[in-house]
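Here is final_7.cif, consisting of mmCIF, C-alpha atoms:
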```cif
data_input
#
loop_
_atom_site.label_atom_id
_atom_site.label_comp_id
_atom_site.auth_asym_id
_atom_site.auth_seq_id
_atom_site.Cartn_x
_atom_site.Cartn_y
_atom_site.Cartn_z
CA MET A 229 -6.39 -12.50 5.20
CA ARG A 230 -3.92 -15.24 6.07
CA ALA A 231 -2.05 -12.84 8.32
CA PHE A 232 -5.20 -11.77 10.17
CA VAL A 233 -6.05 -15.42 10.73
CA LYS A 234 -2.62 -15.86 12.25
CA VAL A 235 -3.25 -13.00 14.67
CA LEU A 236 -6.49 -14.64 15.80
CA PHE A 237 -4.73 -17.97 15.98
CA ARG A 238 -2.17 -16.48 18.35
CA GLY A 239 -4.96 -15.29 20.64
CA SER A 240 -6.01 -18.82 21.40
CA SER A 241 -4.06 -20.11 24.39
CA SER A 242 -4.63 -23.76 23.50
CA LEU A 243 -2.78 -23.29 20.24
CA ALA A 244 -0.07 -20.99 21.60
CA ILE A 245 2.37 -23.85 22.10
CA LEU A 246 1.99 -24.95 18.51
CA LEU A 247 2.72 -21.43 17.36
CA ALA A 248 5.74 -21.14 19.64
CA LEU A 249 7.11 -24.33 18.08
CA ARG A 250 6.44 -22.88 14.66
CA LEU A 251 8.23 -19.63 15.55
CA THR A 252 11.32 -21.31 16.88
CA GLY A 253 11.52 -23.95 14.20
CA PHE A 254 10.32 -22.26 11.03
CA ALA A 255 10.24 -18.51 11.73
CA SER A 256 9.64 -16.46 8.62
CA VAL A 257 8.79 -13.02 7.32
CA ASP A 258 5.12 -14.11 7.51
CA ASP A 259 5.50 -14.41 11.29
CA ALA A 260 7.10 -10.97 11.44
CA GLN A 261 4.17 -9.67 9.38
CA SER A 262 1.63 -11.03 11.82
CA PHE A 263 3.39 -9.12 14.62
CA ALA A 264 3.38 -5.94 12.51
CA LEU A 265 -0.37 -6.46 11.96
CA GLN A 266 -0.81 -6.97 15.68
CA ALA A 267 0.74 -3.54 16.25
CA ALA A 268 -1.66 -2.11 13.66
CA GLU A 269 -4.81 -3.65 15.15
CA PRO A 270 -5.79 -0.83 17.56
CA TYR A 271 -5.56 1.71 14.75
CA ILE A 272 -8.15 -0.08 12.59
CA LYS A 273 -10.78 0.98 15.12
CA GLU A 274 -9.63 4.57 14.56
CA GLY A 275 -10.47 4.29 10.86
CA PHE A 276 -7.11 3.33 9.39
CA GLN A 277 -7.25 1.00 6.42
CA VAL A 278 -4.32 -1.40 6.71
CA ARG A 279 -2.86 -2.52 3.38
CA GLU A 280 -2.56 -6.21 2.64
CA ASP A 281 0.73 -5.67 0.80
CA TYR A 282 3.84 -5.32 2.95
CA TRP A 283 7.62 -5.24 2.93
CA GLY A 284 9.77 -7.78 4.71
CA GLY A 285 13.14 -9.47 4.91
CA ASP A 286 15.89 -10.21 7.37
CA LEU A 287 18.64 -8.02 8.76
CA GLY A 288 21.58 -8.42 11.10
CA SER A 289 21.75 -6.66 14.46
CA GLY A 290 22.45 -2.94 13.91
CA GLU A 291 21.49 -3.13 10.22
CA LYS A 292 19.08 -0.73 8.51
CA LYS A 293 16.97 -0.89 5.38
CA ALA A 294 15.17 1.85 3.48
CA VAL A 295 11.88 1.39 1.68
CA ARG A 296 10.44 4.04 -0.57
CA GLN A 297 6.78 4.85 -0.59
CA GLN A 298 4.49 7.22 -2.42
CA LEU A 299 2.41 9.22 0.07
CA PHE A 300 -0.42 11.64 -0.66
CA LYS A 301 -0.97 14.98 1.04
CA GLY A 302 -4.39 14.93 2.70
CA ASN A 303 -4.01 11.38 3.99
CA GLU A 304 -2.60 10.34 7.33
CA TYR A 305 -0.33 7.27 7.53
CA TRP A 306 1.00 4.92 10.17
CA PHE A 307 3.79 2.42 9.45
CA TRP A 308 4.01 -0.55 11.81
CA MET A 309 7.05 -2.81 12.06
CA GLY A 310 7.26 -6.17 13.77
CA THR A 311 9.55 -9.12 14.28
CA GLU A 312 8.97 -12.52 15.83
CA VAL A 313 12.26 -12.25 17.78
CA GLU A 314 10.87 -11.16 21.13
CA ARG A 315 14.18 -9.98 22.60
CA ALA A 316 14.97 -7.83 19.58
CA ARG A 317 14.72 -4.04 19.69
CA ILE A 318 13.59 -2.41 16.46
CA SER A 319 12.75 1.05 15.15
CA VAL A 320 11.10 2.71 12.17
CA HIS A 321 11.36 6.35 11.03
CA ILE A 322 10.08 8.38 8.08
CA TYR A 323 12.08 10.85 6.00
CA ASP A 324 11.06 13.01 3.05
CA ALA A 325 12.69 12.83 -0.39
CA GLU A 326 15.43 15.24 0.75
CA GLY A 327 16.28 13.10 3.77
CA LYS A 328 14.62 15.32 6.39
CA LEU A 329 12.85 13.62 9.30
CA ALA A 330 9.17 14.03 8.41
CA GLU A 331 7.31 12.00 11.02
CA GLN A 332 4.96 13.09 13.81
CA PRO A 333 6.40 12.96 17.34
CA ASP A 334 4.02 10.20 18.49
CA GLY A 335 5.86 7.27 16.90
CA TRP A 336 6.86 4.53 19.33
CA GLU A 337 9.18 1.57 19.91
CA LYS A 338 8.29 -1.25 22.26
CA GLY A 339 10.72 -4.15 21.99
CA HIS A 340 9.85 -6.16 18.91
CA PHE A 341 7.20 -3.67 17.75
CA ALA A 342 7.72 -0.16 16.40
CA ALA A 343 5.57 2.43 14.65
CA ALA A 344 5.93 5.78 12.89
CA HIS A 345 3.23 8.30 12.03
CA ILE A 346 3.14 10.88 9.25
CA ILE A 347 0.75 13.50 7.95
CA PRO A 348 2.55 14.35 4.68
CA LYS A 349 3.10 18.05 3.98
CA SER A 350 3.40 17.30 0.28
CA THR A 351 2.58 14.49 -2.16
CA GLY A 352 5.61 12.48 -3.25
CA SER A 353 8.13 9.83 -2.31
CA TYR A 354 9.19 9.25 1.27
CA PHE A 355 11.82 6.97 2.79
CA ILE A 356 10.88 4.65 5.60
CA ILE A 357 13.95 3.45 7.47
CA VAL A 358 13.64 0.18 9.35
CA ASN A 359 16.33 -0.73 11.84
CA ILE A 360 17.15 -3.82 13.87
CA GLU A 361 18.69 -1.91 16.79
CA GLU A 362 19.58 -5.06 18.77
CA SER A 363 18.86 -8.72 18.42
CA PRO A 364 20.12 -11.97 19.92
CA GLU A 365 19.71 -13.66 16.51
CA GLU A 366 22.27 -13.51 13.73
CA ARG A 367 19.53 -12.56 11.24
CA THR A 368 16.21 -11.11 12.33
CA HIS A 369 13.08 -11.26 10.21
CA TRP A 370 11.19 -8.00 9.95
CA ALA A 371 7.99 -6.88 8.28
CA LEU A 372 6.53 -3.45 7.70
CA VAL A 373 2.85 -2.78 7.03
CA TYR A 374 1.11 0.52 6.62
CA GLY A 375 -2.33 2.00 6.96
CA PHE A 376 -3.95 5.25 5.93
CA ARG A 377 -7.11 7.28 6.51
CA MET B 133 5.05 2.00 53.70
CA ILE B 134 6.26 4.55 51.14
CA PRO B 135 5.44 8.19 51.98
CA PHE B 136 3.09 9.72 49.40
CA ALA B 137 5.65 12.30 48.12
CA ARG B 138 8.24 9.57 47.57
CA TYR B 139 5.59 7.34 45.95
CA LEU B 140 4.69 10.19 43.64
CA LYS B 141 8.36 10.74 42.67
CA LEU B 142 8.79 7.03 42.10
CA SER B 143 5.68 6.86 39.92
CA VAL B 144 6.86 9.83 37.85
CA LEU B 145 10.26 8.14 37.45
CA VAL B 146 8.68 4.85 36.37
CA ALA B 147 6.29 6.61 34.01
CA SER B 148 9.10 8.63 32.40
CA SER B 149 11.28 5.52 32.03
CA LEU B 150 8.40 3.73 30.31
CA THR B 151 7.84 6.71 28.03
CA LEU B 152 11.55 6.72 27.19
CA CYS B 153 11.43 2.98 26.52
CA ALA B 154 8.38 3.40 24.34
CA HIS B 155 9.98 6.16 22.30
CA GLY B 156 13.47 4.69 22.16
CA ALA B 157 16.52 6.48 20.79
CA GLN B 158 16.15 9.81 19.03
CA ALA B 159 16.10 9.48 15.23
CA PRO B 160 18.57 11.65 13.29
CA GLN B 161 16.93 14.81 11.93
CA HIS B 162 18.54 14.31 8.53
CA ILE B 163 19.87 11.38 6.51
CA ASP B 164 21.85 11.20 3.28
CA VAL B 165 19.37 9.71 0.79
CA LYS B 166 22.08 9.33 -1.87
CA GLN B 167 23.84 6.82 0.36
CA LEU B 168 20.57 4.96 0.81
CA SER B 169 19.59 4.76 -2.82
CA LYS B 170 21.42 1.49 -3.45
CA LYS B 171 19.73 -0.20 -0.51
CA VAL B 172 16.16 0.92 -1.21
CA GLU B 173 13.43 -1.71 -1.46
CA ASP B 174 10.71 -1.63 -4.10
CA VAL B 175 7.70 0.57 -3.65
CA VAL B 176 4.33 -0.85 -2.66
CA VAL B 177 1.99 0.53 -5.31
CA PRO B 178 -0.72 2.63 -3.62
CA LEU B 179 -4.30 1.48 -4.05
CA PRO B 180 -6.55 3.75 -6.12
CA ASN B 181 -8.61 4.54 -3.02
CA GLU B 182 -5.54 5.99 -1.33
CA VAL B 183 -5.51 8.80 -3.85
CA PHE B 184 -9.32 8.95 -4.03
CA GLY B 185 -9.44 9.45 -0.25
CA ALA B 186 -7.01 12.37 -0.49
CA LEU B 187 -9.03 13.78 -3.41
CA ASN B 188 -12.29 13.56 -1.43
CA LYS B 189 -10.78 15.71 1.31
CA LEU B 190 -10.31 18.55 -1.20
CA GLY B 191 -14.02 18.75 -1.99
CA SER B 192 -16.96 16.55 -2.81
CA VAL B 193 -16.62 14.43 -5.94
CA ASN B 194 -19.56 12.99 -7.86
CA TRP B 195 -18.12 9.48 -8.02
CA LYS B 196 -21.25 8.14 -9.74
CA GLU B 197 -20.01 9.84 -12.94
CA TYR B 198 -16.98 7.54 -13.00
CA VAL B 199 -18.63 4.21 -12.15
CA ARG B 200 -18.17 1.58 -14.82
CA SER B 201 -19.45 -1.94 -14.42
CA ASP B 202 -20.00 -3.20 -18.00
CA LYS B 203 -18.82 -6.72 -18.68
CA GLY B 204 -16.30 -5.61 -21.31
CA THR B 205 -14.19 -7.72 -23.61
CA ASN B 206 -12.74 -11.13 -22.84
CA PHE B 207 -9.11 -11.76 -23.71
CA THR B 208 -7.02 -14.86 -23.98
CA GLU B 209 -3.58 -13.23 -23.65
CA ARG B 210 -2.55 -13.40 -20.01
CA PRO B 211 -0.81 -9.98 -19.92
CA ARG B 212 -3.98 -8.36 -21.27
CA ILE B 213 -6.13 -10.13 -18.68
CA ALA B 214 -3.73 -9.00 -15.93
CA LEU B 215 -3.91 -5.35 -17.02
CA LEU B 216 -7.70 -5.55 -17.29
CA LEU B 217 -7.95 -7.20 -13.88
CA GLY B 218 -6.08 -4.28 -12.29
CA THR B 219 -8.37 -1.85 -14.08
CA VAL B 220 -11.52 -3.67 -12.96
CA ILE B 221 -10.36 -3.77 -9.33
CA ALA B 222 -9.79 0.00 -9.57
CA ASP B 223 -13.36 0.27 -10.92
CA GLY B 224 -14.43 -1.58 -7.78
CA PHE B 225 -12.87 1.14 -5.61
CA ILE B 226 -14.65 3.80 -7.70
CA ALA B 227 -17.99 2.01 -7.25
CA VAL B 228 -17.34 1.94 -3.49
CA GLN B 229 -16.64 5.70 -3.49
CA ALA B 230 -19.99 6.08 -5.28
CA GLU B 231 -21.62 3.63 -2.81
CA ASP B 232 -23.11 1.81 -5.80
CA ALA B 233 -23.89 -1.69 -4.51
CA PRO B 234 -25.10 -3.27 -7.82
CA ALA B 235 -21.97 -2.04 -9.62
CA VAL B 236 -19.73 -3.37 -6.82
CA LYS B 237 -21.39 -6.79 -7.08
CA GLU B 238 -21.05 -6.92 -10.86
CA ILE B 239 -17.41 -5.92 -10.58
CA GLY B 240 -16.88 -8.70 -8.01
CA GLN B 241 -18.21 -11.22 -10.54
CA ARG B 242 -16.09 -9.74 -13.31
CA VAL B 243 -12.95 -10.00 -11.17
CA GLN B 244 -13.71 -13.66 -10.58
CA THR B 245 -14.13 -14.33 -14.33
CA LEU B 246 -10.84 -12.58 -15.13
CA ALA B 247 -9.03 -14.40 -12.33
CA ARG B 248 -10.29 -17.66 -13.84
CA GLY B 249 -8.78 -16.58 -17.17
CA ILE B 250 -5.31 -16.55 -15.65
CA GLY B 251 -5.79 -19.56 -13.42
CA VAL B 252 -5.92 -17.81 -10.02
CA GLU B 253 -9.66 -17.94 -9.40
CA ARG B 254 -9.38 -20.21 -6.37
CA SER B 255 -7.34 -17.59 -4.51
CA ILE B 256 -10.14 -15.03 -4.64
CA THR B 257 -13.40 -16.98 -4.47
CA GLN B 258 -13.94 -16.18 -0.78
CA HIS B 259 -13.10 -12.50 -1.34
CA ALA B 260 -15.57 -12.23 -4.24
CA LYS B 261 -18.25 -13.69 -1.95
CA ALA B 262 -17.29 -11.28 0.84
CA ILE B 263 -17.47 -8.33 -1.58
CA THR B 264 -21.04 -9.27 -2.55
CA GLU B 265 -22.10 -9.74 1.07
CA ALA B 266 -20.54 -6.47 2.23
CA ALA B 267 -22.04 -4.57 -0.73
CA ASP B 268 -25.49 -5.96 0.13
CA LYS B 269 -25.06 -4.69 3.69
CA ARG B 270 -23.54 -1.42 2.37
CA LYS B 271 -20.49 -1.97 4.57
CA TRP B 272 -18.16 0.06 2.36
CA GLU B 273 -15.06 -0.21 4.55
CA ASN B 274 -15.38 -4.00 4.35
CA VAL B 275 -15.73 -3.86 0.56
CA ARG B 276 -12.56 -1.73 0.33
CA GLN B 277 -10.68 -4.19 2.51
CA GLU B 278 -11.90 -7.14 0.44
CA LEU B 279 -10.90 -5.43 -2.82
CA ASP B 280 -7.40 -4.94 -1.39
CA ARG B 281 -7.36 -8.59 -0.29
CA THR B 282 -8.56 -9.67 -3.74
CA GLN B 283 -5.74 -7.82 -5.46
CA ASN B 284 -3.20 -9.09 -2.93
CA SER B 285 -4.38 -12.71 -3.22
CA VAL B 286 -4.34 -12.60 -7.03
CA GLN B 287 -0.81 -11.17 -6.98
CA GLN B 288 0.41 -13.65 -4.37
CA ALA B 289 -1.02 -16.52 -6.41
CA MET B 290 0.79 -15.17 -9.48
CA ASN B 291 4.05 -14.72 -7.57
CA GLU B 292 3.84 -18.27 -6.25
CA VAL B 293 3.90 -19.62 -9.79
CA HIS B 294 6.63 -17.12 -10.77
CA ASP B 295 4.26 -14.90 -12.75
CA GLU B 296 5.61 -11.77 -11.03
CA LYS B 297 5.42 -9.84 -14.29
CA LEU B 298 1.69 -10.47 -14.58
CA SER B 299 1.33 -9.39 -10.97
CA GLN B 300 3.07 -6.11 -11.83
CA LEU B 301 0.67 -5.62 -14.76
CA VAL B 302 -2.27 -5.92 -12.34
CA SER B 303 -0.79 -3.03 -10.32
CA LEU B 304 -0.12 -1.05 -13.49
CA GLY B 305 -3.69 -1.50 -14.76
CA GLY B 306 -5.04 -0.25 -11.43
CA TRP B 307 -2.68 2.71 -11.35
CA LEU B 308 -3.59 3.76 -14.89
CA ARG B 309 -7.33 3.63 -14.21
CA GLY B 310 -6.84 5.48 -10.90
CA THR B 311 -4.79 8.16 -12.65
CA GLU B 312 -7.39 8.48 -15.40
CA VAL B 313 -10.14 9.17 -12.87
CA LEU B 314 -7.94 11.43 -10.72
CA THR B 315 -7.09 13.59 -13.74
CA ALA B 316 -10.72 13.63 -14.89
CA VAL B 317 -11.84 14.93 -11.48
CA VAL B 318 -9.04 17.52 -11.26
CA THR B 319 -9.59 18.67 -14.85
CA LYS B 320 -13.25 19.29 -14.04
CA HIS B 321 -12.56 21.32 -10.88
CA PHE B 322 -8.91 22.34 -11.06
CA SER B 323 -6.95 23.04 -7.89
CA THR B 324 -3.19 23.00 -7.34
CA GLU B 325 -3.72 20.66 -4.36
CA GLY B 326 -5.64 18.22 -6.57
CA ALA B 327 -2.98 18.39 -9.27
CA GLU B 328 -0.27 17.81 -6.65
CA LEU B 329 -1.70 14.31 -6.10
CA LEU B 330 -0.21 13.46 -9.50
CA HIS B 331 3.30 14.09 -8.20
CA GLN B 332 4.34 10.43 -8.37
CA PRO B 333 7.63 10.38 -10.34
CA ASP B 334 9.20 7.43 -8.51
CA LEU B 335 6.12 5.31 -9.08
CA LEU B 336 6.27 6.12 -12.77
CA VAL B 337 9.95 5.13 -12.92
CA TYR B 338 9.06 1.92 -11.07
CA PHE B 339 6.50 1.00 -13.75
CA GLN B 340 8.88 2.00 -16.58
CA THR B 341 11.59 -0.24 -15.15
CA ARG B 342 9.19 -3.14 -14.78
CA LEU B 343 7.88 -2.77 -18.35
CA GLN B 344 11.42 -2.66 -19.72
CA ALA B 345 11.99 -6.07 -18.13
CA MET B 346 9.04 -7.59 -20.04
CA PRO B 347 10.33 -7.88 -23.63
CA GLU B 348 8.47 -11.18 -23.99
CA PHE B 349 5.11 -9.37 -23.71
CA ASP B 350 5.26 -8.04 -27.24
CA LEU B 351 1.72 -6.69 -27.39
CA ALA B 352 0.54 -3.42 -28.93
CA ILE B 353 -1.03 -2.24 -25.66
CA ILE B 354 2.18 -2.85 -23.69
CA ARG B 355 4.19 -0.93 -26.31
CA GLU B 356 1.64 1.86 -26.16
CA ILE B 357 1.86 2.06 -22.34
CA ARG B 358 5.67 2.15 -22.52
CA GLY B 359 5.53 5.10 -24.90
CA ALA B 360 2.83 6.87 -22.90
CA LEU B 361 4.79 6.72 -19.64
CA VAL B 362 7.66 8.52 -21.38
CA GLU B 363 5.16 11.25 -22.35
CA VAL B 364 3.69 11.49 -18.83
CA LYS B 365 7.00 11.64 -16.91
CA PRO B 366 7.97 15.27 -17.63
CA LEU B 367 4.40 16.36 -16.87
CA ILE B 368 4.48 15.04 -13.30
CA ASP B 369 8.20 15.18 -12.48
CA VAL B 370 8.20 18.92 -11.84
CA GLY B 371 10.14 19.09 -8.58
CA ARG B 372 8.79 21.88 -6.39
CA ALA B 373 6.82 23.51 -9.23
CA HIS B 374 3.06 23.13 -9.60
CA ILE B 375 1.49 20.74 -12.09
CA SER B 376 -0.45 22.89 -14.57
CA PRO B 377 -4.09 22.44 -15.65
CA GLU B 378 -2.79 21.74 -19.18
CA SER B 379 -0.58 18.92 -17.88
CA VAL B 380 -3.48 17.41 -15.93
CA LYS B 381 -5.64 17.49 -19.07
CA LYS B 382 -2.86 15.96 -21.16
CA ILE B 383 -2.35 13.12 -18.66
CA ASN B 384 -6.09 12.54 -18.69
CA ASP B 385 -6.09 12.29 -22.49
CA ILE B 386 -3.19 9.82 -22.39
CA THR B 387 -4.61 7.61 -19.62
CA THR B 388 -8.10 7.64 -21.20
CA ARG B 389 -6.55 6.44 -24.45
CA LEU B 390 -4.63 3.70 -22.63
CA ASP B 391 -7.69 2.64 -20.65
CA TYR B 392 -9.66 2.31 -23.89
CA GLY B 393 -6.86 0.10 -25.23
CA ILE B 394 -6.89 -2.04 -22.08
CA VAL B 395 -10.65 -2.66 -21.97
CA THR B 396 -11.34 -3.12 -25.69
CA ARG B 397 -10.06 -5.51 -28.30
CA GLU B 398 -7.95 -3.86 -31.01
#
```
As structure tokens, how would this structure be written, given the file I've shared?
Amino acid sequence: MRAFVKVLFRGSSSLAILLALRLTGFASVDDAQSFALQAAEPYIKEGFQVREDYWGGDLGSGEKKAVRQQLFKGNEYWFWMGTEVERARISVHIYDAEGKLAEQPDGWEKGHFAAAHIIPKSTGSYFIIVNIEESPEERTHWALVYGFR
Amino acid sequence: MIPFARYLKLSVLVASSLTLCAHGAQAPQHIDVKQLSKKVEDVVVPLPNEVFGALNKLGSVNWKEYVRSDKGTNFTERPRIALLLGTVIADGFIAVQAEDAPAVKEIGQRVQTLARGIGVERSITQHAKAITEAADKRKWENVRQELDRTQNSVQQAMNEVHDEKLSQLVSLGGWLRGTEVLTAVVTKHFSTEGAELLHQPDLLVYFQTRLQAMPEFDLAIIREIRGALVEVKPLIDVGRAHISPESVKKINDITTRLDYGIVTRE
């Protein structure tokens, strides 16, 4: 809820300056999460239920992190990654338990947003690899949310 | 002025560059998961409706059979309340599957009472109200979202006061109730695809690890869950093999027994 409020908050031009100050001064994983949710927004209209729970942290430029997630055959999933560092370039990819790339080809990366799509062939654990490809910051906050239908 | 043919070429070039930008670098086709294992973050525990949604796609389920909205027992021990809270939220998702508005509303009230019992009521008051409103309007997607928000807000409130272990018990209670209903449905109309939804070995290990780190919660129900997870593990950790009807039935017996222990006073 708090994160969705933040997304709305960002939409208001009169408050944009306040947010910019907040991002530069006190940037956090919460800010990264609101960008990840922003990437997810168009998919909600397509029937994806976006989870409130999320992963987040900070990574150096060129660093990767793996998160493990239980996925169910029959569902369709999107994972959306975001960071508040606008000049960063990030990516997210999905691998099965054996380490084989398992995502659909329509994943995308657009600067400080990235997304990966999977229709699991089997029920089980999958690895989602998040990567800060490039960033002007020493440490870059990231957040990963997911949705399913 | 740019001739049309050149304009066309230029447009194609720009469009392909944008596509390349949007897709970024090619991901490796294979990674070494053993190298990753030390750097892997915790799982996010799936909501019961994630598995219910997958189950629905295999054939129609009479969700009304599984709706439960009775007030149940009140506890004073915080770990017991946390487990029960997770179970009741899972019941909320079942009531949504059944599109049973009165049950959803009762469950919303029950969640609020239990949240009060562990001092996190304030975090969910608005969600409980939203659940009631959405159930009245039969806006089921909104109810699902509010149930997720309720669970998330309760867990965040617990984490903020360093009650992470209680927060994990909320997830565990929900998972157990979800697994009980999943196995009941699959036992009734067995299919290998339905049974495959139980293939959740890493999630089971996650809960085992968390329970091992809770020696201070020396309660009979917690001990019973610890023992039961050891029993369940070989039944679902079958690699590429199929989960048998007997295993599904056995898991249902175990989770039904645990659920009884969670919702009733010993």
Per residue of chain A within 6 Å of chain B, what are the shortest atom pair and its distance in Å to one decimal, counting only C-alpha atoms, with rows by chain and residue number, as CSV?
```
residue,atom,partner,partner_atom,distance
A:Ala294,CA,B:Val172,CA,4.9
A:Val295,CA,B:Glu173,CA,4.7
A:Arg296,CA,B:Val175,CA,5.4
A:Gln297,CA,B:Val175,CA,5.3
A:Gly302,CA,B:Ala186,CA,4.9
A:Asn303,CA,B:Ala186,CA,5.5
A:Gly327,CA,B:Ile163,CA,4.8
A:Lys328,CA,B:His162,CA,4.6
A:Leu329,CA,B:Gln161,CA,5.0
A:Trp336,CA,B:His155,CA,4.6
A:Glu337,CA,B:Ala154,CA,4.9
A:Lys338,CA,B:Ala154,CA,5.1
A:Thr351,CA,B:Leu329,CA,5.8
A:Gly352,CA,B:Gln332,CA,5.7
```
Include C-alpha atoms and write out the residues we just selected as a CSV table (one decimal), in the coordinates of the input.
```
chain,number,residue,atom,x,y,z
A,294,ALA,CA,15.2,1.8,3.5
A,295,VAL,CA,11.9,1.4,1.7
A,296,ARG,CA,10.4,4.0,-0.6
A,297,GLN,CA,6.8,4.8,-0.6
A,302,GLY,CA,-4.4,14.9,2.7
A,303,ASN,CA,-4.0,11.4,4.0
A,327,GLY,CA,16.3,13.1,3.8
A,328,LYS,CA,14.6,15.3,6.4
A,329,LEU,CA,12.8,13.6,9.3
A,336,TRP,CA,6.9,4.5,19.3
A,337,GLU,CA,9.2,1.6,19.9
A,338,LYS,CA,8.3,-1.2,22.3
A,351,THR,CA,2.6,14.5,-2.2
A,352,GLY,CA,5.6,12.5,-3.2
```
Hits from the PyMOL selection byres ((chain B and resi 230-232) around 12), listed as an MDAnalysis selection string: chainID B and resid 181 184 188 192:201 223:229 233:239 264 266:273 275:276
Who sits within 7 Å of B:Thr205, all atoms listed in the file, same chain under 3 positions skipped, as a PyMOL selection string: chain B and resi 395-397
Residues within 6 Å of (-2.1, -11.2, -14.9), counting only C-alpha atoms, listed as a ChimeraX atom specification: /B:210-211,213-214,298-299,302
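Near A:His340, within 7 Å and counting all atoms listed in the file, sit A:Gly310, A:Thr311, A:Val313, A:Glu314, A:Arg315, A:Ala316, A:Arg317, A:Ile318, not including residues fewer than 3 positions from it in the same chain.
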Atom-to-atom span, atom CA of A:His321 and atom CA of A:Phe307, Å: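 Going from atom CA of A:His321 over to atom CA of A:Phe307 covers 8.7 Å.
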Expected selection from the PyMOL selection byres ((chain A and resi 345) around 8), given as a PyMOL selection string: chain A and resi 304-307+322+331-335+343-344+346-347
Residue members of the PyMOL selection byres ((chain B and resi 242-245) around 10) in the file shown, as a VMD selection string: chain B and resid 201 to 204 206 216 to 221 224 236 to 241 246 to 257 259 to 261 279 282 to 283 286
Write the residues of the selection above to a file with C-alpha atoms, as a tab-separated table (two decimals), in the coordinates of the input.
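Okay, this is what ended up in part10.tsv:
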```tsv
chain	number	residue	atom	x	y	z
B	201	SER	CA	-19.45	-1.94	-14.42
B	202	ASP	CA	-20.00	-3.20	-18.00
B	203	LYS	CA	-18.82	-6.72	-18.68
B	204	GLY	CA	-16.30	-5.61	-21.31
B	206	ASN	CA	-12.74	-11.13	-22.84
B	216	LEU	CA	-7.70	-5.55	-17.29
B	217	LEU	CA	-7.95	-7.20	-13.88
B	218	GLY	CA	-6.08	-4.28	-12.29
B	219	THR	CA	-8.37	-1.85	-14.08
B	220	VAL	CA	-11.52	-3.67	-12.96
B	221	ILE	CA	-10.36	-3.77	-9.33
B	224	GLY	CA	-14.43	-1.58	-7.78
B	236	VAL	CA	-19.73	-3.37	-6.82
B	237	LYS	CA	-21.39	-6.79	-7.08
B	238	GLU	CA	-21.05	-6.92	-10.86
B	239	ILE	CA	-17.41	-5.92	-10.58
B	240	GLY	CA	-16.88	-8.70	-8.01
B	241	GLN	CA	-18.21	-11.22	-10.54
B	246	LEU	CA	-10.84	-12.58	-15.13
B	247	ALA	CA	-9.03	-14.40	-12.33
B	248	ARG	CA	-10.29	-17.66	-13.84
B	249	GLY	CA	-8.78	-16.58	-17.17
B	250	ILE	CA	-5.31	-16.55	-15.65
B	251	GLY	CA	-5.79	-19.56	-13.42
B	252	VAL	CA	-5.92	-17.81	-10.02
B	253	GLU	CA	-9.66	-17.94	-9.40
B	254	ARG	CA	-9.38	-20.21	-6.37
B	255	SER	CA	-7.34	-17.59	-4.51
B	256	ILE	CA	-10.14	-15.03	-4.64
B	257	THR	CA	-13.40	-16.98	-4.47
B	259	HIS	CA	-13.10	-12.50	-1.34
B	260	ALA	CA	-15.57	-12.23	-4.24
B	261	LYS	CA	-18.25	-13.69	-1.95
B	279	LEU	CA	-10.90	-5.43	-2.82
B	282	THR	CA	-8.56	-9.67	-3.74
B	283	GLN	CA	-5.74	-7.82	-5.46
B	286	VAL	CA	-4.34	-12.60	-7.03
```
Distance of atom CA of A:Gly375 from atom CA of A:Ser289, expressed in Å to one decimal place: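 Taking atom CA of A:Ser289 as the start and atom CA of A:Gly375 as the end point, the length is 26.7 Å.
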Exercise: stretch 359-368 of chain B partners within 7 Å, only C-alpha atoms, chain neighbours under 2 positions left out, as a PyMOL selection string: chain B and resi 330-333+336+340+355-357+370+375+379+383+386
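In this structure, atom CA of B:Leu351 sits 8.5 Å away from atom CA of B:Arg212.
Using all atoms listed in the file, the nearest neighbour of B:Ala345 within the list B:Gln300, B:Asn384, B:Thr324, B:Thr311 is B:Gln300.
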I want to know what sits within 12 Å of A:Ser256, based on all atoms listed in the file, with residues of the same chain fewer than 5 positions away left out; could you give that as a PDB file with C-alpha atoms, in the coordinates of the input?
```pdb
ATOM      1  CA  ARG A 250       6.440 -22.880  14.660  1.00  0.00           C
ATOM      2  CA  LEU A 251       8.230 -19.630  15.550  1.00  0.00           C
ATOM      3  CA  GLN A 261       4.170  -9.670   9.380  1.00  0.00           C
ATOM      4  CA  SER A 262       1.630 -11.030  11.820  1.00  0.00           C
ATOM      5  CA  PHE A 263       3.390  -9.120  14.620  1.00  0.00           C
ATOM      6  CA  GLY A 284       9.770  -7.780   4.710  1.00  0.00           C
ATOM      7  CA  GLY A 285      13.140  -9.470   4.910  1.00  0.00           C
ATOM      8  CA  ASP A 286      15.890 -10.210   7.370  1.00  0.00           C
ATOM      9  CA  GLY A 310       7.260  -6.170  13.770  1.00  0.00           C
ATOM     10  CA  THR A 311       9.550  -9.120  14.280  1.00  0.00           C
ATOM     11  CA  GLU A 312       8.970 -12.520  15.830  1.00  0.00           C
ATOM     12  CA  VAL A 313      12.260 -12.250  17.780  1.00  0.00           C
ATOM     13  CA  ARG A 367      19.530 -12.560  11.240  1.00  0.00           C
ATOM     14  CA  THR A 368      16.210 -11.110  12.330  1.00  0.00           C
ATOM     15  CA  HIS A 369      13.080 -11.260  10.210  1.00  0.00           C
ATOM     16  CA  TRP A 370      11.190  -8.000   9.950  1.00  0.00           C
ATOM     17  CA  ALA A 371       7.990  -6.880   8.280  1.00  0.00           C
TER      18      ALA A 371
END
```
If I wrap all listed atoms of stretch 336-341 of chain B in a box with edges along x, y and z and add 8 Å on each side, what are its centre and edge lengths in Å to one decimal, as JSON?
```
{"center_x": 8.9, "center_y": 2.9, "center_z": -13.8, "size_x": 21.3, "size_y": 22.4, "size_z": 21.5}
```
